[in-house]
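Peer 1: So here's my_file-v1.txt (compact mmCIF, N, CA and C atoms).
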```txt
# COMPACT_ATOMS: atom_id res chain seq x y z
N MET A 1 1.71 11.11 18.41
CA MET A 1 0.69 10.25 17.85
C MET A 1 -0.11 11.01 16.80
N SER A 2 -0.46 10.34 15.74
CA SER A 2 -1.22 10.96 14.65
C SER A 2 -2.67 11.14 15.05
N GLU A 3 -3.27 12.18 14.49
CA GLU A 3 -4.69 12.42 14.71
C GLU A 3 -5.47 12.02 13.47
N LEU A 4 -6.71 11.65 13.68
CA LEU A 4 -7.57 11.30 12.56
C LEU A 4 -7.79 12.52 11.67
N ALA A 5 -7.64 12.33 10.37
CA ALA A 5 -7.90 13.40 9.42
C ALA A 5 -9.22 13.15 8.70
N THR A 6 -9.47 11.89 8.36
CA THR A 6 -10.68 11.53 7.61
C THR A 6 -11.29 10.28 8.21
N VAL A 7 -12.60 10.28 8.35
CA VAL A 7 -13.32 9.12 8.87
C VAL A 7 -14.42 8.77 7.89
N GLY A 8 -14.50 7.50 7.50
CA GLY A 8 -15.58 7.01 6.66
C GLY A 8 -16.56 6.22 7.52
N ILE A 9 -17.84 6.47 7.32
CA ILE A 9 -18.86 5.76 8.08
C ILE A 9 -19.79 5.06 7.11
N ASP A 10 -20.03 3.78 7.36
CA ASP A 10 -21.06 3.07 6.61
C ASP A 10 -22.23 2.91 7.55
N LEU A 11 -23.34 3.55 7.21
CA LEU A 11 -24.53 3.53 8.05
C LEU A 11 -25.34 2.27 7.80
N ALA A 12 -25.91 1.74 8.85
CA ALA A 12 -26.78 0.57 8.76
C ALA A 12 -27.91 0.76 9.76
N LYS A 13 -28.68 -0.28 9.98
CA LYS A 13 -29.81 -0.13 10.92
C LYS A 13 -29.35 -0.03 12.36
N SER A 14 -28.45 -0.91 12.80
CA SER A 14 -28.07 -0.88 14.20
C SER A 14 -26.57 -0.85 14.44
N VAL A 15 -25.76 -1.36 13.51
CA VAL A 15 -24.30 -1.39 13.69
C VAL A 15 -23.65 -0.62 12.55
N PHE A 16 -22.84 0.38 12.90
CA PHE A 16 -22.16 1.21 11.92
C PHE A 16 -20.69 0.83 11.86
N GLN A 17 -20.10 0.86 10.68
CA GLN A 17 -18.67 0.60 10.49
C GLN A 17 -17.94 1.94 10.42
N ILE A 18 -16.85 2.05 11.16
CA ILE A 18 -16.03 3.26 11.19
C ILE A 18 -14.65 2.92 10.66
N HIS A 19 -14.13 3.76 9.76
CA HIS A 19 -12.79 3.56 9.20
C HIS A 19 -12.12 4.93 9.20
N GLY A 20 -11.08 5.10 10.01
CA GLY A 20 -10.42 6.39 10.12
C GLY A 20 -8.96 6.33 9.73
N VAL A 21 -8.50 7.35 9.00
CA VAL A 21 -7.11 7.42 8.56
C VAL A 21 -6.53 8.78 8.95
N ASP A 22 -5.19 8.82 9.04
CA ASP A 22 -4.53 10.10 9.30
C ASP A 22 -4.21 10.77 7.96
N GLU A 23 -3.46 11.86 8.00
CA GLU A 23 -3.18 12.62 6.78
C GLU A 23 -2.35 11.84 5.77
N SER A 24 -1.54 10.91 6.23
CA SER A 24 -0.71 10.12 5.31
C SER A 24 -1.44 8.89 4.79
N GLY A 25 -2.66 8.65 5.24
CA GLY A 25 -3.44 7.51 4.76
C GLY A 25 -3.30 6.25 5.59
N ARG A 26 -2.60 6.34 6.70
CA ARG A 26 -2.43 5.18 7.58
C ARG A 26 -3.69 4.97 8.40
N VAL A 27 -4.14 3.73 8.47
CA VAL A 27 -5.37 3.40 9.19
C VAL A 27 -5.14 3.50 10.70
N LEU A 28 -5.97 4.30 11.36
CA LEU A 28 -5.88 4.46 12.81
C LEU A 28 -7.07 3.83 13.52
N VAL A 29 -8.22 3.83 12.89
CA VAL A 29 -9.43 3.29 13.52
C VAL A 29 -10.16 2.42 12.51
N ARG A 30 -10.52 1.23 12.96
CA ARG A 30 -11.37 0.34 12.17
C ARG A 30 -12.20 -0.43 13.18
N ARG A 31 -13.46 -0.03 13.32
CA ARG A 31 -14.29 -0.67 14.34
C ARG A 31 -15.76 -0.56 14.02
N GLN A 32 -16.54 -1.29 14.78
CA GLN A 32 -17.99 -1.25 14.69
C GLN A 32 -18.53 -0.48 15.88
N LEU A 33 -19.56 0.31 15.63
CA LEU A 33 -20.23 1.04 16.71
C LEU A 33 -21.73 0.83 16.59
N ARG A 34 -22.37 0.70 17.71
CA ARG A 34 -23.82 0.64 17.72
C ARG A 34 -24.37 2.05 17.58
N ARG A 35 -25.62 2.15 17.18
CA ARG A 35 -26.28 3.43 16.97
C ARG A 35 -26.14 4.34 18.19
N SER A 36 -26.29 3.78 19.37
CA SER A 36 -26.24 4.56 20.60
C SER A 36 -24.83 5.05 20.94
N GLN A 37 -23.80 4.45 20.34
CA GLN A 37 -22.42 4.81 20.65
C GLN A 37 -21.83 5.83 19.69
N LEU A 38 -22.48 6.09 18.57
CA LEU A 38 -21.88 6.89 17.50
C LEU A 38 -21.59 8.32 17.92
N LEU A 39 -22.57 9.02 18.48
CA LEU A 39 -22.34 10.41 18.86
C LEU A 39 -21.32 10.53 19.99
N ALA A 40 -21.34 9.61 20.94
CA ALA A 40 -20.37 9.65 22.03
C ALA A 40 -18.95 9.46 21.49
N PHE A 41 -18.79 8.61 20.48
CA PHE A 41 -17.47 8.39 19.87
C PHE A 41 -16.96 9.67 19.22
N PHE A 42 -17.81 10.35 18.47
CA PHE A 42 -17.38 11.55 17.75
C PHE A 42 -17.28 12.78 18.63
N GLU A 43 -17.92 12.78 19.79
CA GLU A 43 -17.75 13.89 20.74
C GLU A 43 -16.33 13.95 21.26
N LYS A 44 -15.67 12.80 21.38
CA LYS A 44 -14.32 12.72 21.92
C LYS A 44 -13.24 13.06 20.89
N LEU A 45 -13.59 13.01 19.61
CA LEU A 45 -12.60 13.24 18.55
C LEU A 45 -12.43 14.72 18.27
N PRO A 46 -11.19 15.13 17.91
CA PRO A 46 -11.03 16.50 17.43
C PRO A 46 -11.71 16.66 16.07
N ARG A 47 -11.89 17.86 15.64
CA ARG A 47 -12.57 18.15 14.38
C ARG A 47 -11.89 17.41 13.23
N CYS A 48 -12.70 16.73 12.38
CA CYS A 48 -12.14 15.99 11.25
C CYS A 48 -13.17 15.95 10.12
N LEU A 49 -12.74 15.45 8.98
CA LEU A 49 -13.61 15.28 7.82
C LEU A 49 -14.27 13.91 7.93
N ILE A 50 -15.60 13.88 7.78
CA ILE A 50 -16.35 12.64 7.87
C ILE A 50 -17.08 12.44 6.56
N GLY A 51 -16.91 11.26 5.96
CA GLY A 51 -17.59 10.94 4.71
C GLY A 51 -18.61 9.84 4.94
N MET A 52 -19.78 9.99 4.31
CA MET A 52 -20.84 8.99 4.42
C MET A 52 -21.48 8.79 3.06
N GLU A 53 -21.94 7.57 2.84
CA GLU A 53 -22.72 7.29 1.65
C GLU A 53 -24.12 7.84 1.88
N ALA A 54 -24.60 8.62 0.93
CA ALA A 54 -25.91 9.25 1.07
C ALA A 54 -27.01 8.19 1.07
N CYS A 55 -27.88 8.27 2.07
CA CYS A 55 -29.02 7.37 2.16
C CYS A 55 -30.09 8.09 2.99
N GLY A 56 -31.15 7.42 3.29
CA GLY A 56 -32.25 8.04 3.99
C GLY A 56 -31.88 8.68 5.32
N GLY A 57 -31.07 8.03 6.12
CA GLY A 57 -30.72 8.56 7.43
C GLY A 57 -29.45 9.37 7.46
N ALA A 58 -28.72 9.43 6.35
CA ALA A 58 -27.42 10.10 6.34
C ALA A 58 -27.53 11.59 6.59
N HIS A 59 -28.58 12.22 6.11
CA HIS A 59 -28.73 13.67 6.30
C HIS A 59 -28.94 14.01 7.77
N ASP A 60 -29.69 13.19 8.48
CA ASP A 60 -29.90 13.41 9.92
C ASP A 60 -28.59 13.24 10.68
N TRP A 61 -27.85 12.17 10.39
CA TRP A 61 -26.57 11.96 11.06
C TRP A 61 -25.59 13.07 10.72
N ALA A 62 -25.62 13.54 9.48
CA ALA A 62 -24.72 14.63 9.08
C ALA A 62 -24.99 15.89 9.89
N ARG A 63 -26.26 16.23 10.09
CA ARG A 63 -26.59 17.41 10.90
C ARG A 63 -26.10 17.25 12.34
N LYS A 64 -26.28 16.07 12.91
CA LYS A 64 -25.84 15.84 14.29
C LYS A 64 -24.32 15.94 14.42
N LEU A 65 -23.60 15.40 13.44
CA LEU A 65 -22.14 15.45 13.49
C LEU A 65 -21.61 16.86 13.21
N GLN A 66 -22.30 17.62 12.38
CA GLN A 66 -21.90 19.00 12.13
C GLN A 66 -22.09 19.85 13.38
N GLU A 67 -23.10 19.55 14.18
CA GLU A 67 -23.30 20.28 15.44
C GLU A 67 -22.13 20.06 16.39
N LEU A 68 -21.43 18.92 16.25
CA LEU A 68 -20.25 18.64 17.08
C LEU A 68 -19.00 19.31 16.53
N GLY A 69 -19.10 19.97 15.37
CA GLY A 69 -17.97 20.70 14.80
C GLY A 69 -17.24 19.97 13.68
N HIS A 70 -17.70 18.82 13.27
CA HIS A 70 -17.03 18.06 12.21
C HIS A 70 -17.49 18.55 10.83
N ASP A 71 -16.64 18.33 9.84
CA ASP A 71 -16.98 18.64 8.44
C ASP A 71 -17.50 17.35 7.81
N VAL A 72 -18.76 17.32 7.42
CA VAL A 72 -19.39 16.10 6.92
C VAL A 72 -19.68 16.25 5.44
N ARG A 73 -19.33 15.21 4.67
CA ARG A 73 -19.61 15.20 3.24
C ARG A 73 -20.34 13.91 2.90
N LEU A 74 -21.39 14.04 2.10
CA LEU A 74 -22.18 12.89 1.66
C LEU A 74 -21.82 12.56 0.22
N MET A 75 -21.69 11.27 -0.06
CA MET A 75 -21.36 10.81 -1.41
C MET A 75 -22.49 9.96 -1.95
N PRO A 76 -22.83 10.11 -3.23
CA PRO A 76 -23.83 9.22 -3.82
C PRO A 76 -23.31 7.79 -3.86
N PRO A 77 -24.18 6.80 -3.70
CA PRO A 77 -23.73 5.40 -3.72
C PRO A 77 -22.98 5.01 -4.99
N SER A 78 -23.32 5.61 -6.11
CA SER A 78 -22.64 5.27 -7.36
C SER A 78 -21.18 5.71 -7.35
N TYR A 79 -20.81 6.70 -6.52
CA TYR A 79 -19.42 7.12 -6.41
C TYR A 79 -18.62 6.24 -5.47
N VAL A 80 -19.29 5.58 -4.52
CA VAL A 80 -18.60 4.73 -3.54
C VAL A 80 -18.29 3.36 -4.12
N LYS A 81 -19.21 2.81 -4.88
CA LYS A 81 -19.08 1.43 -5.37
C LYS A 81 -17.78 1.15 -6.13
N PRO A 82 -17.29 2.02 -7.01
CA PRO A 82 -16.05 1.70 -7.73
C PRO A 82 -14.82 1.55 -6.84
N TYR A 83 -14.85 2.11 -5.63
CA TYR A 83 -13.69 2.04 -4.74
C TYR A 83 -13.66 0.80 -3.86
N VAL A 84 -14.75 0.04 -3.82
CA VAL A 84 -14.79 -1.18 -3.03
C VAL A 84 -13.97 -2.23 -3.76
N LYS A 85 -12.93 -2.75 -3.10
CA LYS A 85 -11.98 -3.62 -3.77
C LYS A 85 -12.46 -5.05 -3.95
N ARG A 86 -12.97 -5.66 -2.92
CA ARG A 86 -13.38 -7.07 -3.00
C ARG A 86 -14.88 -7.17 -2.87
N GLY A 87 -15.34 -7.83 -1.83
CA GLY A 87 -16.78 -7.98 -1.64
C GLY A 87 -17.41 -6.70 -1.13
N LYS A 88 -18.67 -6.54 -1.42
CA LYS A 88 -19.40 -5.36 -0.94
C LYS A 88 -19.84 -5.61 0.49
N THR A 89 -19.02 -5.20 1.45
CA THR A 89 -19.35 -5.32 2.86
C THR A 89 -19.41 -3.93 3.46
N ASP A 90 -19.94 -3.84 4.65
CA ASP A 90 -20.01 -2.56 5.33
C ASP A 90 -18.63 -1.97 5.59
N ALA A 91 -17.69 -2.83 6.00
CA ALA A 91 -16.32 -2.36 6.27
C ALA A 91 -15.66 -1.85 5.00
N ALA A 92 -15.91 -2.52 3.89
CA ALA A 92 -15.34 -2.09 2.61
C ALA A 92 -15.92 -0.75 2.17
N ASP A 93 -17.19 -0.54 2.42
CA ASP A 93 -17.82 0.74 2.10
C ASP A 93 -17.18 1.87 2.92
N ALA A 94 -16.98 1.64 4.20
CA ALA A 94 -16.41 2.65 5.06
C ALA A 94 -14.98 2.99 4.62
N ALA A 95 -14.20 1.99 4.26
CA ALA A 95 -12.84 2.21 3.78
C ALA A 95 -12.84 2.95 2.44
N ALA A 96 -13.79 2.64 1.57
CA ALA A 96 -13.86 3.28 0.26
C ALA A 96 -14.18 4.76 0.39
N ILE A 97 -14.96 5.12 1.37
CA ILE A 97 -15.32 6.53 1.56
C ILE A 97 -14.10 7.36 1.95
N CYS A 98 -13.19 6.76 2.68
CA CYS A 98 -11.95 7.48 3.06
C CYS A 98 -11.10 7.72 1.83
```
Can you dump the structure from the file as structure tokens?
Peer 2:
Amino acid sequence: MSELATVGIDLAKSVFQIHGVDESGRVLVRRQLRRSQLLAFFEKLPRCLIGMEACGGAHDWARKLQELGHDVRLMPPSYVKPYVKRGKTDAADAAAIC
């Protein structure tokens, strides 16, 4: 079974969108997580690259995920927007970050 190589997270107030792909780009995870479930989800995963759109809370989440051993990268919103294919939704943002 393939392991997650890259995970994109779209942060929101209470529900976060997760989009994870393996090294070949095949989608392995596409789900919603509540704020309280996010750290528990990433504690179970092996070390991977996590991308997030930079916003007010992204730096705090990045520090928490780095403490778990993940490599976290923040992207400016202007870099994420061109990759969104259709409507600007949370799921599309998470997929674009990958």
Peer 1: Mind pulling up the distance from atom C of Leu4 of chain A to atom CA of Glu23 of chain A?
Peer 2: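 Between these atoms lies a distance of 6.7 Å.
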Peer 1: Name all residues at most 12 Å from Ala58 of chain A (count only C-alpha atoms; drop same-chain ones fewer than 4 positions away) and give them as a ChimeraX atom specification.
Peer 2: /A:9-13,16,50-54,62-66,72-77
Peer 1: Separation of atom C of Gly25 of chain A and atom C of Gly56 of chain A, in Å?
Peer 2: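 If I compute the distance from atom C of Gly25 of chain A to atom C of Gly56 of chain A, I get 28.7 Å.
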Peer 1: Rounded to one decimal place, report the atom C of His59 of chain A-atom C of Gly8 of chain A distance in Å.
Peer 2: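 Calculated distance between atom C of His59 of chain A and atom C of Gly8 of chain A is 14.6 Å.
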Peer 1: Within 8 Å of segment 31-38 of chain A, counting only C-alpha atoms, which residues show up once you throw out same-chain ones fewer than 4 positions away? Write them as a PyMOL selection string, please.
Peer 2: chain A and resi 13-19+42
Peer 1: Which of these, A:Glu67, A:Tyr79, A:Thr6, A:Ser24, has the shortest distance to Cys48 of chain A once you count only C-alpha atoms?
Peer 2: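 The closest residue to Cys48 of chain A is A:Thr6.
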Peer 1: Between A:Arg26, A:Glu3, A:His70, A:Ser78, which residue has the minimum interatomic distance to Leu49 of chain A, considering only C-alpha atoms?
Peer 2: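 Ranked by minimum distance to Leu49 of chain A, first place goes to A:His70.
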Peer 1: Would you mind telling me which residue in A:Cys55, A:Leu68, A:Ala40, A:Val27 lies nearest to Ser2 of chain A when using only C-alpha atoms?
Peer 2: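 Nearest candidate to Ser2 of chain A out of A:Cys55, A:Leu68, A:Ala40, A:Val27: A:Val27.
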